[in-house]
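See below for the structure under consideration.
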Amino acid sequence: MKKRHLKSKGKKTWTNLRVDIKRICEDFNIPKSEFSEVSINLWAEIETKIWRKFSTRQNSEWRWQTLKEEYSAASIDYQKFKLDKFFNLNEKLWILLGETVRETTKCWVYEGTLNGFNKVFLEVGWRDDVVVVSKKYKWIFIINHYGIMIGTGEMKDKIENSR
């Protein structure tokens, strides 16, 4: 007999984060060129490349603790925090949005510009991690679930100057 993985009908696997983001993009007419979900066929490749470049461990959920490059970190005051102080509004970015369900973390991978992401970021409000990466892999910027921003490369300097 062939073994099958059956999902319990009573258990919720993930939240409605992706559905909420899609609705926000539609409600605010955010073009796909500014913010869109990456094809499920490309997620693993993009995540692997990001973590090989920036992290010493591929399987750590708290990757900000395993960054290869020198980094800077600071607490975020969400009342004053502005993403546009850190990024060029039109730069193409990888954006990984983490969510945790039953102690399992998953990153949903998006691409776009800060202009598009900022609208989503302001509407959704995060409880979990946000990872923004230069598509040229020059730097990584993380907002962890503790309200700490961490960055390497030019983001390191921007975080230090924001204090």
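Chain lettering (A, B, ...) mirrors the order of the structure tokens, residue numbering begins at 1 for each chain separately, and ligand numbering begins at 1 in order of display.
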
Let's see if you can do this: from backbone DSSP, list all strand (DSSP E) residues in stretch 3-123 of chain A, as a PDB file with C-alpha atoms, in the first residue's frame.
```pdb
ATOM      1  CA  PHE A  35       5.286  44.118  -5.423  1.00  0.00           C
ATOM      2  CA  SER A  36       4.451  40.524  -6.319  1.00  0.00           C
ATOM      3  CA  GLU A  37       4.813  37.012  -4.996  1.00  0.00           C
ATOM      4  CA  TYR A  71      26.473  44.030  10.934  1.00  0.00           C
ATOM      5  CA  SER A  72      24.774  46.706  12.963  1.00  0.00           C
ATOM      6  CA  ALA A  73      21.559  46.400  14.969  1.00  0.00           C
ATOM      7  CA  ALA A  74      19.169  48.811  16.672  1.00  0.00           C
ATOM      8  CA  SER A  75      15.692  48.796  18.194  1.00  0.00           C
ATOM      9  CA  LEU A  93      14.473  43.965  -3.881  1.00  0.00           C
ATOM     10  CA  TRP A  94      13.855  40.453  -2.610  1.00  0.00           C
ATOM     11  CA  ILE A  95      11.441  40.569   0.321  1.00  0.00           C
ATOM     12  CA  LEU A  96      10.987  37.557   2.586  1.00  0.00           C
ATOM     13  CA  LEU A  97       8.081  37.697   5.001  1.00  0.00           C
ATOM     14  CA  GLY A  98       8.272  35.207   7.815  1.00  0.00           C
ATOM     15  CA  GLU A  99       5.352  33.765   9.681  1.00  0.00           C
ATOM     16  CA  THR A 100       5.263  31.145  12.382  1.00  0.00           C
ATOM     17  CA  VAL A 101       2.483  28.651  12.926  1.00  0.00           C
ATOM     18  CA  THR A 104       7.276  26.252  12.427  1.00  0.00           C
ATOM     19  CA  THR A 105       8.587  29.233  10.478  1.00  0.00           C
ATOM     20  CA  LYS A 106       8.036  29.771   6.769  1.00  0.00           C
ATOM     21  CA  CYS A 107       9.274  32.629   4.595  1.00  0.00           C
ATOM     22  CA  TRP A 108       7.041  33.800   1.769  1.00  0.00           C
ATOM     23  CA  VAL A 109       9.182  35.295  -1.000  1.00  0.00           C
ATOM     24  CA  TYR A 110       8.218  38.472  -2.841  1.00  0.00           C
ATOM     25  CA  GLU A 111       9.979  40.826  -5.208  1.00  0.00           C
ATOM     26  CA  GLY A 112       9.432  44.457  -5.896  1.00  0.00           C
TER      27      GLY A 112
END
```

Q: Considering only C-alpha atoms, return as a ChimeraX atom specification whatever protein or nucleic-acid residues lie within 12 Å of stretch 132-140 of chain A, sequence-local ones (same chain, fewer than 5 positions apart) excluded.
A: /A:46-47,49-55,63-64,67-73,83,86-88,90-98,107-114,117-118,121,149-159

Q: Give me the residues within 12 Å of A:Val124 as a PyMOL selection string, counting only C-alpha atoms and dropping any in the same chain fewer than 4 places off.
A: chain A and resi 16-25+97+117-120+128+130

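Reported to one decimal place, the separation of atom CA of A:Glu123 from atom CA of A:Ile30 is 12.6 Å.
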
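Among the candidates A:Thr15, A:Asn161, A:Asn115, A:Gln79, the one nearest to A:Pro31 when counting only C-alpha atoms is A:Asn115.
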
Q.
Quick check, in Å to one decimal: how far apart do atom CA of A:Ile148 and atom CA of A:Leu42 lie?
A.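 Taking atom CA of A:Ile148 as the start and atom CA of A:Leu42 as the end point, the length is 28.3 Å.
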
Q: Extract the full set of helix (DSSP H, G or I) residues from stretch 102-145 of chain A according to DSSP on the backbone, and format it as a list in words.
A: Leu114, Asn115, Gly116, Phe117, Asn118, Lys119, Val120, Phe121, Leu122, Glu123 and Val124 of chain A

Those selected residues, please, written with N, CA and C atoms and delivered as an mmCIF file, in the first residue's frame.
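Output below, filename part-v7.cif:
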```cif
data_model
loop_
_atom_site.group_PDB
_atom_site.id
_atom_site.type_symbol
_atom_site.label_atom_id
_atom_site.label_comp_id
_atom_site.auth_asym_id
_atom_site.auth_seq_id
_atom_site.Cartn_x
_atom_site.Cartn_y
_atom_site.Cartn_z
ATOM 1 N N LEU A 114 10.647 49.222 -2.871
ATOM 2 C CA LEU A 114 10.214 49.735 -1.577
ATOM 3 C C LEU A 114 8.902 50.481 -1.723
ATOM 4 N N ASN A 115 8.730 51.162 -2.827
ATOM 5 C CA ASN A 115 7.500 51.904 -3.066
ATOM 6 C C ASN A 115 6.275 50.993 -2.913
ATOM 7 N N GLY A 116 6.312 49.816 -3.508
ATOM 8 C CA GLY A 116 5.206 48.871 -3.391
ATOM 9 C C GLY A 116 5.156 48.199 -2.035
ATOM 10 N N PHE A 117 6.305 47.766 -1.545
ATOM 11 C CA PHE A 117 6.345 47.057 -0.265
ATOM 12 C C PHE A 117 5.909 47.941 0.892
ATOM 13 N N ASN A 118 6.255 49.202 0.864
ATOM 14 C CA ASN A 118 5.923 50.116 1.963
ATOM 15 C C ASN A 118 4.405 50.173 2.179
ATOM 16 N N LYS A 119 3.639 50.177 1.095
ATOM 17 C CA LYS A 119 2.181 50.211 1.211
ATOM 18 C C LYS A 119 1.663 48.944 1.898
ATOM 19 N N VAL A 120 2.235 47.802 1.533
ATOM 20 C CA VAL A 120 1.838 46.530 2.144
ATOM 21 C C VAL A 120 2.269 46.502 3.609
ATOM 22 N N PHE A 121 3.500 46.915 3.867
ATOM 23 C CA PHE A 121 4.074 46.903 5.219
ATOM 24 C C PHE A 121 3.218 47.728 6.182
ATOM 25 N N LEU A 122 2.768 48.896 5.744
ATOM 26 C CA LEU A 122 1.973 49.766 6.602
ATOM 27 C C LEU A 122 0.587 49.185 6.874
ATOM 28 N N GLU A 123 0.051 48.424 5.944
ATOM 29 C CA GLU A 123 -1.296 47.874 6.106
ATOM 30 C C GLU A 123 -1.340 46.580 6.915
ATOM 31 N N VAL A 124 -0.367 45.702 6.708
ATOM 32 C CA VAL A 124 -0.420 44.379 7.312
ATOM 33 C C VAL A 124 0.016 44.400 8.780
#
```
